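Asker: See coords18.cif below, with mmCIF, C-alpha atoms.
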data_target
loop_
_atom_site.label_atom_id
_atom_site.label_comp_id
_atom_site.auth_asym_id
_atom_site.auth_seq_id
_atom_site.Cartn_x
_atom_site.Cartn_y
_atom_site.Cartn_z
CA MET A 23 164.79 63.05 101.59
CA ASP A 24 163.17 65.49 99.13
CA VAL A 25 165.97 64.79 96.67
CA VAL A 26 165.44 61.02 96.85
CA ASN A 27 161.67 61.42 96.48
CA GLN A 28 162.10 63.62 93.42
CA LEU A 29 164.58 61.20 91.84
CA LEU A 30 162.24 58.28 92.52
CA LEU A 31 159.38 60.21 90.93
CA ASN A 32 161.46 60.78 87.79
CA MET A 33 162.37 57.10 87.75
CA LEU A 34 158.67 56.16 87.95
CA ILE A 35 157.81 58.61 85.17
CA ILE A 36 160.32 56.84 82.91
CA ILE A 37 159.64 53.20 83.77
CA THR A 38 155.82 53.27 83.70
CA PRO A 39 155.46 54.33 80.00
CA VAL A 40 158.18 51.84 79.02
CA LEU A 41 156.21 49.02 80.64
CA LEU A 42 152.96 50.16 79.07
CA TYR A 43 154.56 50.45 75.64
CA GLN A 44 156.14 47.01 75.76
CA LEU A 45 152.99 45.35 77.11
CA PHE A 46 150.41 46.97 74.83
CA TRP A 47 152.33 47.90 71.69
CA GLY A 48 155.81 46.37 71.57
CA ASP A 49 154.66 42.89 70.46
CA ARG A 50 152.84 44.37 67.47
CA HIS A 51 156.13 45.34 65.83
CA ASN A 52 158.33 42.37 65.12
CA GLN A 53 160.97 44.56 63.53
CA SER A 54 162.35 46.88 66.19
CA LEU A 55 163.68 49.28 63.53
CA SER A 56 160.41 49.76 61.67
CA SER A 57 159.45 53.35 60.88
CA THR A 58 156.23 53.10 62.89
CA ASN A 59 158.11 51.80 65.88
CA LYS A 60 160.64 54.64 65.63
CA ARG A 61 157.89 57.26 65.58
CA ILE A 62 156.26 55.73 68.65
CA ILE A 63 159.57 55.69 70.53
CA VAL A 64 160.27 59.33 69.59
CA ILE A 65 156.83 60.46 70.77
CA LEU A 66 157.06 58.43 73.96
CA SER A 67 160.58 59.66 74.73
CA THR A 68 159.52 63.26 74.18
CA ILE A 69 156.56 62.93 76.53
CA ILE A 70 158.70 61.26 79.20
CA ALA A 71 161.40 63.93 78.94
CA ILE A 72 158.90 66.78 79.26
CA LEU A 73 157.20 65.09 82.23
CA CYS A 74 160.59 64.70 83.94
CA MET A 75 161.33 68.36 83.33
CA THR A 76 157.94 69.28 84.74
CA TYR A 77 158.88 67.72 88.08
CA PRO A 78 162.54 68.73 88.56
CA PHE A 79 164.64 69.21 91.67
CA ARG A 80 165.80 72.79 92.15
CA PHE A 81 169.31 72.43 93.50
CA SER A 82 170.35 76.06 93.25
CA SER A 83 168.95 79.29 91.88
CA GLY A 84 168.29 78.82 88.16
CA PHE A 85 169.58 75.24 88.10
CA PHE A 86 167.05 72.41 87.59
CA TYR A 87 167.93 68.73 87.59
CA ASP A 88 165.89 65.79 86.40
CA PHE A 89 166.14 62.61 84.28
CA ARG A 90 165.50 64.19 80.88
CA LEU A 91 168.73 62.61 79.60
CA ILE A 92 167.47 59.06 80.16
CA PRO A 93 164.58 59.15 77.65
CA LEU A 94 166.93 60.80 75.15
CA ALA A 95 169.39 57.94 75.67
CA MET A 96 166.55 55.43 75.29
CA CYS A 97 165.55 57.00 71.97
CA ILE A 98 169.13 56.85 70.66
CA LEU A 99 169.47 53.20 71.71
CA TYR A 100 166.19 51.92 70.26
CA ALA A 101 165.30 54.40 67.48
CA GLY A 102 168.62 55.77 66.27
CA LEU A 103 170.48 59.08 66.22
CA ILE A 104 168.44 60.96 63.60
CA PRO A 105 165.01 60.39 65.24
CA SER A 106 166.57 61.40 68.57
CA LEU A 107 167.24 64.89 67.22
CA TRP A 108 163.51 65.59 67.51
CA VAL A 109 163.60 64.62 71.18
CA MET A 110 166.60 66.85 71.77
CA LEU A 111 164.88 69.80 70.08
CA ALA A 112 161.76 69.23 72.19
CA ILE A 113 163.87 69.17 75.37
CA LEU A 114 165.67 72.40 74.39
CA ALA A 115 162.41 74.15 73.49
CA HIS A 116 160.85 73.20 76.80
CA ARG A 117 164.01 74.20 78.68
CA PHE A 118 164.03 77.67 77.12
CA TYR A 119 160.31 77.93 77.89
CA LEU A 120 161.01 77.22 81.56
CA GLY A 121 163.75 79.88 81.62
CA GLY A 122 166.30 80.07 84.42
CA ASN A 123 169.96 80.93 84.73
CA PRO A 124 171.56 81.62 81.29
CA ALA A 125 174.60 79.56 82.28
CA ALA A 126 172.27 76.63 83.01
CA LEU A 127 170.73 76.97 79.55
CA ILE A 128 174.14 76.82 77.92
CA VAL A 129 175.15 73.86 80.06
CA SER A 130 171.92 72.04 79.18
CA THR A 131 172.50 72.49 75.44
CA SER A 132 176.13 71.37 75.62
CA LEU A 133 175.18 68.42 77.80
CA LEU A 134 172.57 67.17 75.32
CA VAL A 135 175.08 67.27 72.44
CA THR A 136 177.70 65.46 74.51
CA LEU A 137 175.17 62.86 75.58
CA MET A 138 174.17 62.08 71.98
CA VAL A 139 177.80 61.52 71.03
CA LEU A 140 178.42 59.34 74.12
CA VAL A 141 175.33 57.13 73.75
CA THR A 142 175.85 56.69 70.01
CA GLY A 143 179.38 55.47 70.67
CA CYS A 144 178.25 53.08 73.42
CA LYS A 145 175.15 51.80 71.63
CA ARG A 146 176.73 48.58 70.36
CA PHE A 147 177.69 47.61 73.91
CA VAL A 148 174.16 48.15 75.26
CA ILE A 149 171.77 46.47 72.82
CA HIS A 150 173.83 44.10 70.68
CA GLN A 151 175.09 41.63 73.31
CA SER A 152 173.57 39.14 75.72
CA ARG A 153 170.88 40.37 78.10
CA GLY A 154 173.18 40.37 81.13
CA LYS A 155 175.92 42.30 79.35
CA ASN A 156 173.36 44.74 77.93
CA VAL A 157 172.04 45.55 81.40
CA ILE A 158 175.54 46.00 82.89
CA ALA A 159 176.55 48.24 79.98
CA ALA A 160 173.33 50.26 80.44
CA ILE A 161 174.07 50.78 84.16
CA LEU A 162 177.61 51.93 83.37
CA LEU A 163 176.28 54.22 80.65
CA GLY A 164 173.76 55.68 83.10
CA LEU A 165 176.53 56.30 85.64
CA GLY A 166 178.55 57.95 82.87
CA ILE A 167 175.61 60.22 82.03
CA GLY A 168 175.35 61.20 85.68
CA MET A 169 179.06 61.93 85.94
CA ILE A 170 179.05 64.03 82.75
CA SER A 171 176.12 65.98 84.20
CA THR A 172 178.18 66.50 87.35
CA LEU A 173 181.14 67.77 85.31
CA TYR A 174 179.04 70.28 83.38
CA SER A 175 177.38 71.39 86.62
CA CYS A 176 180.81 71.99 88.17
CA ILE A 177 181.69 74.23 85.22
CA ALA A 178 178.40 76.11 85.51
CA PHE A 179 178.81 76.56 89.28
CA TRP A 180 182.39 77.79 88.78
CA PHE A 181 181.26 80.40 86.23
CA THR A 182 178.44 81.58 88.50
CA GLU A 183 180.72 81.53 91.55
CA GLN A 184 178.49 79.22 93.58
CA LYS A 185 179.81 76.93 96.29
CA MET A 186 180.30 73.21 95.66
CA ASP A 187 180.01 71.89 99.20
CA ILE A 188 179.22 68.44 100.59
CA THR A 189 175.55 68.87 99.66
CA PHE A 190 176.55 69.38 96.02
CA TRP A 191 178.62 66.20 95.89
CA THR A 192 176.03 64.17 97.83
CA PHE A 193 173.31 65.20 95.42
CA PHE A 194 175.29 64.41 92.29
CA SER A 195 176.47 61.10 93.70
CA SER A 196 172.82 60.14 94.25
CA TYR A 197 171.90 61.58 90.86
CA SER A 198 174.53 59.50 89.04
CA LEU A 199 173.56 56.36 90.93
CA PHE A 200 169.89 56.79 90.11
CA CYS A 201 170.71 57.49 86.45
CA GLY A 202 172.61 54.20 86.24
CA ILE A 203 169.86 52.24 88.02
CA THR A 204 167.09 53.78 85.89
CA LEU A 205 168.75 53.19 82.52
CA GLY A 206 169.78 49.68 83.56
CA LEU A 207 166.22 48.92 84.69
CA VAL A 208 164.77 50.24 81.42
CA VAL A 209 167.11 48.08 79.34
CA TYR A 210 166.42 45.07 81.56
CA ILE A 211 162.63 45.49 81.14
CA VAL A 212 162.91 45.85 77.37
CA GLU A 213 165.27 42.89 77.03
CA GLN A 214 163.15 40.70 79.33
CA ILE A 215 159.93 41.41 77.46
CA ARG A 216 161.68 40.82 74.14
CA THR A 217 163.00 37.51 75.46
CA ASN A 218 159.51 36.54 76.60
CA SER A 219 158.13 37.53 73.20
CA ARG A 220 160.72 35.40 71.39
CA ARG A 221 160.01 32.42 73.64
CA ARG A 222 156.29 32.83 73.10
CA HIS A 223 156.83 32.94 69.35
CA GLN A 224 159.01 29.82 69.49
CA VAL A 225 156.37 27.96 71.50
CA GLN A 226 153.70 28.99 69.01
CA GLN A 227 155.83 27.81 66.09
CA THR A 228 156.53 24.52 67.86
CA ASP A 229 152.82 24.02 68.54
CA LYS A 230 151.99 24.77 64.92
CA MET A 231 154.54 22.25 63.69
CA ASN A 232 153.27 19.63 66.14
CA VAL A 233 149.68 20.17 64.99
CA LEU A 234 150.77 20.07 61.36
CA SER A 235 152.68 16.81 61.91
CA GLU A 236 149.74 15.29 63.75
CA LEU A 237 147.38 16.52 61.04
CA ALA A 238 149.46 14.99 58.25
CA ALA A 239 149.87 11.68 60.10
CA SER A 240 146.18 11.43 60.93
CA PHE A 241 145.12 12.40 57.44
CA ALA A 242 147.39 9.77 55.91
CA HIS A 243 146.11 7.16 58.37
CA GLU A 244 142.44 7.96 57.78
CA ILE A 245 142.81 7.98 54.00
CA ARG A 246 144.95 4.83 53.94
CA ASN A 247 142.33 2.68 55.66
CA PRO A 248 139.51 2.98 53.08
CA MET A 249 141.97 3.00 50.19
CA THR A 250 143.60 -0.23 51.44
CA VAL A 251 140.21 -1.89 51.70
CA ALA A 252 139.19 -0.63 48.25
CA ARG A 253 142.47 -1.92 46.76
CA GLY A 254 141.87 -5.35 48.29
CA PHE A 255 138.41 -5.59 46.78
CA MET A 256 139.73 -4.43 43.41
CA GLN A 257 142.27 -7.26 43.43
CA ILE A 258 139.46 -9.70 44.12
CA LEU A 259 137.40 -8.21 41.29
CA LYS A 260 140.25 -9.00 38.88
CA GLN A 261 139.61 -12.72 39.31
CA PRO A 262 137.94 -14.01 36.11
CA ASP A 263 135.92 -16.77 37.81
CA LEU A 264 134.30 -14.45 40.38
CA ALA A 265 130.54 -14.83 40.61
CA GLU A 266 128.48 -11.92 39.33
CA GLU A 267 126.67 -11.62 42.66
CA LYS A 268 129.94 -11.25 44.57
CA ARG A 269 131.30 -8.92 41.90
CA THR A 270 128.34 -6.61 42.44
CA LEU A 271 128.74 -6.81 46.23
CA TYR A 272 132.46 -6.08 46.12
CA THR A 273 131.93 -3.21 43.67
CA SER A 274 129.46 -1.60 46.05
CA MET A 275 131.96 -2.07 48.90
CA VAL A 276 134.67 -0.39 46.84
CA MET A 277 132.34 2.55 46.17
CA GLU A 278 131.50 2.73 49.87
CA GLU A 279 135.17 2.91 50.86
CA ILE A 280 135.87 5.56 48.23
CA ASP A 281 132.92 7.56 49.58
CA LYS A 282 134.45 7.33 53.07
CA ALA A 283 137.73 8.69 51.76
CA HIS A 284 135.86 11.45 49.94
CA SER A 285 133.99 12.34 53.13
CA ILE A 286 137.26 12.56 55.10
CA VAL A 287 138.75 14.89 52.47
CA ASN A 288 135.63 17.08 52.58
CA ASP A 289 135.81 17.30 56.38
CA TYR A 290 139.44 18.38 56.23
CA LEU A 291 138.65 20.99 53.59
CA ALA A 292 135.72 22.29 55.64
CA PHE A 293 137.99 22.62 58.65
CA ALA A 294 140.73 24.35 56.64
CA LYS A 295 138.48 26.93 54.95
CA PRO A 296 138.89 30.30 56.68
CA HIS A 297 135.41 31.50 55.67
CA LEU A 298 132.10 29.90 54.96
CA GLU A 299 130.46 30.35 51.60
CA ALA A 300 126.87 31.38 50.83
CA ILE A 301 126.22 33.00 54.20
CA ALA A 302 122.72 34.42 54.61
CA LEU A 303 120.16 35.28 57.26
CA VAL A 304 118.37 32.04 58.10
CA ASP A 305 115.88 30.74 60.64
CA ALA A 306 117.77 28.31 62.86
CA LYS A 307 114.48 26.69 63.94
CA LEU A 308 113.76 25.43 60.41
CA LEU A 309 117.31 24.17 59.98
CA ILE A 310 117.23 22.32 63.31
CA GLU A 311 113.92 20.69 62.37
CA GLN A 312 115.46 19.69 59.03
CA ALA A 313 118.43 18.08 60.80
CA LEU A 314 116.18 16.22 63.24
CA GLN A 315 114.01 14.94 60.42
CA THR A 316 117.08 13.56 58.65
CA LEU A 317 118.34 11.88 61.84
CA GLU A 318 114.96 10.47 62.91
CA PRO A 319 115.41 6.98 61.33
CA TYR A 320 118.83 6.63 62.96
CA ALA A 321 117.44 7.82 66.30
CA LYS A 322 114.63 5.28 66.21
CA LEU A 323 117.12 2.54 65.39
CA CYS A 324 119.04 3.55 68.54
CA ARG A 325 115.81 3.84 70.58
CA VAL A 326 116.21 7.57 71.08
CA ASP A 327 113.37 10.11 70.94
CA PHE A 328 113.69 13.79 70.12
CA GLU A 329 112.16 16.48 72.32
CA ALA A 330 112.42 19.88 70.62
CA GLN A 331 111.48 23.16 72.28
CA LEU A 332 112.27 25.86 69.74
CA ASP A 333 111.24 29.52 69.88
CA ASP A 334 110.15 31.29 66.73
CA LYS A 335 112.45 33.66 64.82
CA LEU A 336 115.79 32.12 65.77
CA THR A 337 117.43 34.32 63.13
CA ILE A 338 121.15 33.92 62.59
CA SER A 339 123.66 34.61 59.84
CA ALA A 340 125.10 31.30 58.63
CA ASN A 341 125.57 28.85 55.81
CA LYS A 342 122.50 26.58 55.73
CA ASP A 343 124.22 23.33 54.79
CA LYS A 344 127.12 23.79 57.22
CA PHE A 345 124.82 24.72 60.09
CA VAL A 346 122.62 21.68 59.47
CA GLN A 347 125.79 19.56 59.38
CA CYS A 348 126.82 20.93 62.80
CA ILE A 349 123.41 20.23 64.36
CA MET A 350 123.34 16.73 62.88
CA HIS A 351 126.80 15.96 64.21
CA LEU A 352 126.04 17.17 67.74
CA CYS A 353 122.69 15.35 67.79
CA LYS A 354 124.29 12.18 66.46
CA ASN A 355 126.90 12.38 69.21
CA GLY A 356 124.08 12.75 71.74
CA ILE A 357 122.31 9.70 70.31
CA GLU A 358 125.44 7.58 70.44
CA ALA A 359 126.11 8.75 74.01
CA MET A 360 122.92 6.94 75.06
CA PRO A 361 123.55 3.28 74.11
CA ASN A 362 120.48 2.14 76.04
CA GLY A 363 118.19 4.69 74.42
CA GLY A 364 116.56 7.74 75.94
CA THR A 365 115.45 11.26 75.07
CA LEU A 366 117.56 13.90 73.32
CA LYS A 367 116.40 17.43 74.14
CA ILE A 368 116.95 20.33 71.76
CA ILE A 369 116.09 23.74 73.21
CA GLY A 370 116.33 26.93 71.18
CA THR A 371 115.78 30.40 72.66
CA VAL A 372 116.76 34.04 72.06
CA GLN A 373 118.50 35.79 74.95
CA ASN A 374 119.97 39.30 74.67
CA ARG A 375 120.21 39.20 70.86
CA THR A 376 121.89 35.80 71.07
CA VAL A 377 120.42 32.54 69.79
CA CYS A 378 121.02 29.83 72.41
CA ILE A 379 120.70 26.24 71.24
CA ASP A 380 121.08 23.52 73.88
CA ILE A 381 121.48 19.87 72.86
CA ILE A 382 121.06 17.75 75.99
CA ASP A 383 121.52 14.01 76.37
CA HIS A 384 121.38 11.78 79.42
CA GLY A 385 124.17 9.45 78.38
CA VAL A 386 127.61 8.45 79.52
CA GLY A 387 128.91 12.00 79.97
CA MET A 388 132.50 13.22 79.79
CA THR A 389 135.32 14.05 82.16
CA PRO A 390 136.75 17.61 82.37
CA GLU A 391 139.82 16.44 80.44
CA GLU A 392 137.63 15.05 77.63
CA ILE A 393 135.69 18.31 77.49
CA ARG A 394 138.91 20.30 77.29
CA ARG A 395 140.13 18.28 74.30
CA LEU A 396 136.90 18.55 72.31
CA GLY A 397 137.45 20.25 68.97
CA THR A 398 141.19 19.63 68.99
CA PRO A 399 142.69 17.77 66.03
CA PHE A 400 141.89 14.06 65.89
CA TYR A 401 140.43 13.61 69.35
CA SER A 402 137.24 11.58 69.69
CA THR A 403 135.52 9.91 72.63
CA ARG A 404 134.33 7.12 70.33
CA GLU A 405 136.49 4.13 69.53
CA LYS A 406 136.04 4.47 65.77
CA GLY A 407 135.72 8.24 65.68
CA THR A 408 138.23 10.47 63.91
CA GLY A 409 137.36 13.72 65.67
CA LEU A 410 136.93 15.43 62.30
CA GLY A 411 133.23 16.08 62.79
CA MET A 412 133.77 17.95 66.04
CA MET A 413 136.69 19.91 64.55
CA VAL A 414 134.47 21.02 61.67
CA THR A 415 131.62 21.86 64.05
CA TYR A 416 133.79 24.09 66.21
CA ARG A 417 135.29 25.77 63.14
CA VAL A 418 131.90 26.47 61.57
CA ILE A 419 130.44 27.97 64.76
CA GLN A 420 133.55 30.12 65.28
CA THR A 421 133.33 31.37 61.70
CA ILE A 422 129.80 32.73 62.28
CA HIS A 423 131.10 34.43 65.46
CA GLY A 424 129.47 31.98 67.81
CA LYS A 425 130.86 29.77 70.53
CA ILE A 426 130.20 26.33 72.02
CA ASP A 427 129.96 25.77 75.76
CA VAL A 428 130.00 22.21 77.07
CA THR A 429 128.82 21.03 80.48
CA SER A 430 128.94 17.35 81.30
CA GLU A 431 129.05 14.88 84.17
CA VAL A 432 130.12 11.28 83.88
CA GLY A 433 127.13 8.96 84.07
CA LYS A 434 124.55 11.78 83.92
CA GLY A 435 124.85 13.32 80.47
CA THR A 436 126.10 16.25 78.43
CA CYS A 437 124.79 19.61 77.29
CA PHE A 438 126.21 21.32 74.20
CA SER A 439 125.25 25.01 74.19
CA LEU A 440 125.59 26.93 70.92
CA LEU A 441 125.64 30.71 71.42
CA ILE A 442 125.27 32.56 68.11
CA PRO A 443 124.53 36.26 67.44
CA SER A 444 120.90 36.52 66.43
CA ILE A 445 121.75 38.84 63.51
CA HIS A 446 125.31 39.24 62.26
CA THR A 447 125.19 41.95 59.61
CA ASN A 448 128.94 41.85 58.91
CA SER A 449 128.62 38.37 57.45
CA TYR A 450 125.46 39.02 55.51
CA HIS A 451 125.87 39.69 51.80
#
Could you spell out this file's structure in structure tokens?

Answerer:
Amino acid sequence: MDVVNQLLLNMLIIITPVLLYQLFWGDRHNQSLSSTNKRIIVILSTIIAILCMTYPFRFSSGFFYDFRLIPLAMCILYAGLIPSLWVMLAILAHRFYLGGNPAALIVSTSLLVTLMVLVTGCKRFVIHQSRGKNVIAAILLGLGIGMISTLYSCIAFWFTEQKMDITFWTFFSSYSLFCGITLGLVVYIVEQIRTNSRRRHQVQQTDKMNVLSELAASFAHEIRNPMTVARGFMQILKQPDLAEEKRTLYTSMVMEEIDKAHSIVNDYLAFAKPHLEAIALVDAKLLIEQALQTLEPYAKLCRVDFEAQLDDKLTISANKDKFVQCIMHLCKNGIEAMPNGGTLKIIGTVQNRTVCIDIIDHGVGMTPEEIRRLGTPFYSTREKGTGLGMMVTYRVIQTIHGKIDVTSEVGKGTCFSLLIPSIHTNSYH
């Protein structure tokens, strides 16, 4: 039972770092043969080998057995032969430090050299085939490593005139079996995580292409509408007998449609820009008041009153014009959500170095699915909306390191909560 426990401990020592490496570092290196990746594998293999040697099973006087050969095999498979020489040297140095029977030291050195030749020759069968074949080849390679260890141990025992009884063969049978299982499990874990990583990358690429296709189609559709209308009016304006009054009216309509197209282009550009320009420390209270003053005529037309409760010194780091645009868009949405009129509340406070701005309406509200889709390309809860305004709003707030939380209930209203760092020195120039 002690033998099995010690072999299981060595197996755990090997598998745990492999899992941690693949989960926390493996995805950062797309090229498995990169120099950085090789160095990490060498260091990790060395640590694993030394840990295995620190917890060996003493089978006979001066003879220690562990799974030091598995991390060396791992390094050869995934980093190459030359980097693995460092692991072999570290194993030999630690083995000589531990001391023991001289015959065991000679056997250990010969075994490491034999292992490097064996794994290098079998490498193409272990990592260059399908996942299933790789795992089977790794198990067979692990069994081969165990059997070679058994052969060298037989030679060492023969030279030292020690008995090779049933206990000897039972131990090395278990040892070989565990070597095969451990190496097969390591390769399976690596291959599975690589497969998951590739699938994740494929899904991301598919999503990007879908968004790009939807973006192009929506952009073409939104631009085509005003341009079609403008073209129709221009054809009418070509008529020589058109009255001057109608000519002036149609000209203004053409300009209006061109302005719509220009506004759509600007919204797309604002969404596409990775950074905002002219960022400075500003007082959000003054900018909110500016936005409300601009929207006041529209609010009165829709029979909506503003109720603002704004603390002093709502200092944030942002672009003035873009922030005002965001506030105006959210307030306009709140106004339009109350078709029968009402009161739109705007509350601004500072909590834990965060400026919290709540825009609350008592309108039609939204379902959880509608909330989830807010800010996604070309989704709008309004019949004639394009969704561009909300896309831009989300992008602007994210760029100044803020976030938008939405709570809503159908028939009762919606609250948009903007949470922005009160002072963001990294963005201040």

Asker: Step by step: start from the point (119.3, 27.1, 62.0) in the file's coordinates, keep every protein, DNA or RNA residue that has an atom no farther than 10 Å from it, count only C-alpha atoms, and write the set as a list in words.

Answerer: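 Residues found, by chain and rising number: Leu303, Val304, Asp305, Ala306, Lys307, Leu308, Leu309, Ile310, Glu311, Gln312, Ala313, Lys335, Leu336, Thr337, Ile338, Ser339, Ala340, Asn341, Lys342, Asp343, Lys344, Phe345, Val346, Cys348, Ile349, Gly370, Val377 and Ile379 of chain A.
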
Asker: Using only C-alpha atoms for the distances, tell me which of A:Asn355, A:Thr204, A:Gln347, A:Thr38 is nearest to Thr415 in chain A.

Answerer: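 Selected residue with least distance to Thr415 in chain A: A:Gln347.
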
Asker: Closest to Phe194 in chain A among A:Leu29, A:Leu94, A:Ala101, A:Leu163, using all atoms listed in the file?

Answerer: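 The shortest atom-to-atom distance to Phe194 in chain A comes from A:Leu29.
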
Asker: Between A:Ala283, A:Leu332, A:Cys176, A:Val212, single out the one closest to Thr371 in chain A, counting all atoms listed in the file.

Answerer: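 Closest to Thr371 in chain A, using all atoms listed in the file: A:Leu332.
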
Asker: To one decimal place, how far is CA of Lys282 in chain A from CA of Ala238 in chain A in Å?

Answerer: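 A separation of 17.6 Å between them.
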
Asker: Range 154-158 of chain A: which residues within 9 Å, counting only C-alpha atoms, same-chain residues fewer than 5 positions away excluded, as an mmCIF file with C-alpha atoms, in the frame of the given file?

Answerer:
data_model
loop_
_atom_site.group_PDB
_atom_site.id
_atom_site.type_symbol
_atom_site.label_atom_id
_atom_site.label_comp_id
_atom_site.auth_asym_id
_atom_site.auth_seq_id
_atom_site.Cartn_x
_atom_site.Cartn_y
_atom_site.Cartn_z
ATOM 1 C CA PHE A 147 177.690 47.610 73.910
ATOM 2 C CA VAL A 148 174.160 48.150 75.260
ATOM 3 C CA ILE A 149 171.770 46.470 72.820
ATOM 4 C CA LEU A 163 176.280 54.220 80.650
ATOM 5 C CA LEU A 205 168.750 53.190 82.520
ATOM 6 C CA GLY A 206 169.780 49.680 83.560
ATOM 7 C CA LEU A 207 166.220 48.920 84.690
ATOM 8 C CA VAL A 208 164.770 50.240 81.420
ATOM 9 C CA VAL A 209 167.110 48.080 79.340
ATOM 10 C CA TYR A 210 166.420 45.070 81.560
ATOM 11 C CA GLU A 213 165.270 42.890 77.030
#

Asker: Please provide the set of residues having any atom within 9 Å of Glu329 in chain A, restricted to all atoms listed in the file, with same-chain residues fewer than 6 positions apart removed, written as a list in words.

Answerer: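 Here the qualifying residues turn out to be Thr365, Leu366, Lys367, Ile368 and Ile369 of chain A.
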
Asker: Quick one: which residues end up in the PyMOL selection byres ((chain A and resi 69) around 12) for this structure, as a ChimeraX atom specification?

Answerer: /A:35-36,39-40,62-68,70-76,90,93-94,97,108-110,112-113,116

Asker: Skipping near chain neighbours, those fewer than 4 positions away, what residues fall within 9 Å of Met138 in chain A using only C-alpha atoms, listed as a list in words?

Answerer: Leu94, Ala95, Ile98, Leu103, Ser106, Leu107, Met110, Leu133, Leu134, Thr142 and Gly143 of chain A

Asker: Name every residue that the PyMOL selection byres ((chain A and resi 175) around 10) selects in this structure, writing the answer as a list in words with chains first and numbers rising.

Answerer: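 Here the PyMOL selection byres ((chain A and resi 175) around 10) matches Phe85, Tyr87, Ala125, Ala126, Val129, Ser130, Leu133, Met169, Ile170, Ser171, Thr172, Leu173, Tyr174, Cys176, Ile177, Ala178, Phe179, Trp180, Phe181, Met186, Phe190 and Phe194 of chain A.
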
Asker: Pick out the residues sitting within 12 Å of Ala321 in chain A, and hand them over as a PDB file with C-alpha atoms, keeping the file's coordinate frame; count all atoms listed in the file, and ignore anything fewer than 6 positions along from it in its own chain.

Answerer:
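around_10.pdb was written with the following content:
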ATOM      1  CA  ALA A 313     118.430  18.080  60.800  1.00  0.00           C
ATOM      2  CA  LEU A 314     116.180  16.220  63.240  1.00  0.00           C
ATOM      3  CA  GLN A 315     114.010  14.940  60.420  1.00  0.00           C
ATOM      4  CA  ASP A 327     113.370  10.110  70.940  1.00  0.00           C
ATOM      5  CA  PHE A 328     113.690  13.790  70.120  1.00  0.00           C
ATOM      6  CA  GLU A 329     112.160  16.480  72.320  1.00  0.00           C
ATOM      7  CA  MET A 350     123.340  16.730  62.880  1.00  0.00           C
ATOM      8  CA  CYS A 353     122.690  15.350  67.790  1.00  0.00           C
ATOM      9  CA  LYS A 354     124.290  12.180  66.460  1.00  0.00           C
ATOM     10  CA  ASN A 355     126.900  12.380  69.210  1.00  0.00           C
ATOM     11  CA  GLY A 356     124.080  12.750  71.740  1.00  0.00           C
ATOM     12  CA  ILE A 357     122.310   9.700  70.310  1.00  0.00           C
ATOM     13  CA  GLU A 358     125.440   7.580  70.440  1.00  0.00           C
ATOM     14  CA  ALA A 359     126.110   8.750  74.010  1.00  0.00           C
ATOM     15  CA  MET A 360     122.920   6.940  75.060  1.00  0.00           C
ATOM     16  CA  PRO A 361     123.550   3.280  74.110  1.00  0.00           C
ATOM     17  CA  ASN A 362     120.480   2.140  76.040  1.00  0.00           C
ATOM     18  CA  GLY A 363     118.190   4.690  74.420  1.00  0.00           C
ATOM     19  CA  GLY A 364     116.560   7.740  75.940  1.00  0.00           C
ATOM     20  CA  THR A 365     115.450  11.260  75.070  1.00  0.00           C
ATOM     21  CA  LEU A 366     117.560  13.900  73.320  1.00  0.00           C
TER      22      LEU A 366
END

Asker: Which residues are close to Leu259 in chain A, i.e. within 10 Å by all atoms listed in the file, leaving aside same-chain residues fewer than 2 positions away? Reply as an MDAnalysis selection string.

Answerer: chainID A and resid 253:257 261:266 268:270 272:273 276

Asker: Between CA of Phe438 in chain A and CA of Val326 in chain A, what is the distance in Å, rounded to a tenth?

Answerer: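 One can read the CA of Phe438 in chain A to CA of Val326 in chain A distance as 17.3 Å.
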
Asker: Could you tell me which residues the PyMOL selection byres ((chain A and resi 429-434) around 7) returns for this structure, as a list in words?

Answerer: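 Selection result, ordered by chain and number: His384, Gly385, Val386, Gly387, Met388, Thr389, Asp427, Val428, Gly435, Thr436, Cys437 and Phe438 of chain A.
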
Asker: Smallest atom-to-atom distance to Asn374 in chain A: which of A:Leu91, A:Leu120, A:Leu271, A:Pro443, using all atoms listed in the file?

Answerer: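 Of the candidates, the smallest distance to Asn374 in chain A is held by A:Pro443.
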
Asker: What is the CA of Leu396 in chain A-CA of Asp383 in chain A distance in Å, reported with one decimal?

Answerer: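 CA of Asp383 in chain A lies 16.5 Å from CA of Leu396 in chain A.
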
Asker: Measuring between all atoms listed in the file, which one of A:Asn247, A:Asn232, A:Ser444, A:Thr217 shows the shortest distance to Asp334 in chain A?

Answerer: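 Of A:Asn247, A:Asn232, A:Ser444, A:Thr217, the one nearest Asp334 in chain A is A:Ser444, counting all atoms listed in the file.
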
Asker: Identify which of the residues A:Asn288, A:Ser57, A:Gln214, A:Leu317 lies closest to Ser152 in chain A, counting only C-alpha atoms when measuring atom-to-atom distances.

Answerer: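 Of the candidates, the smallest distance to Ser152 in chain A is held by A:Gln214.
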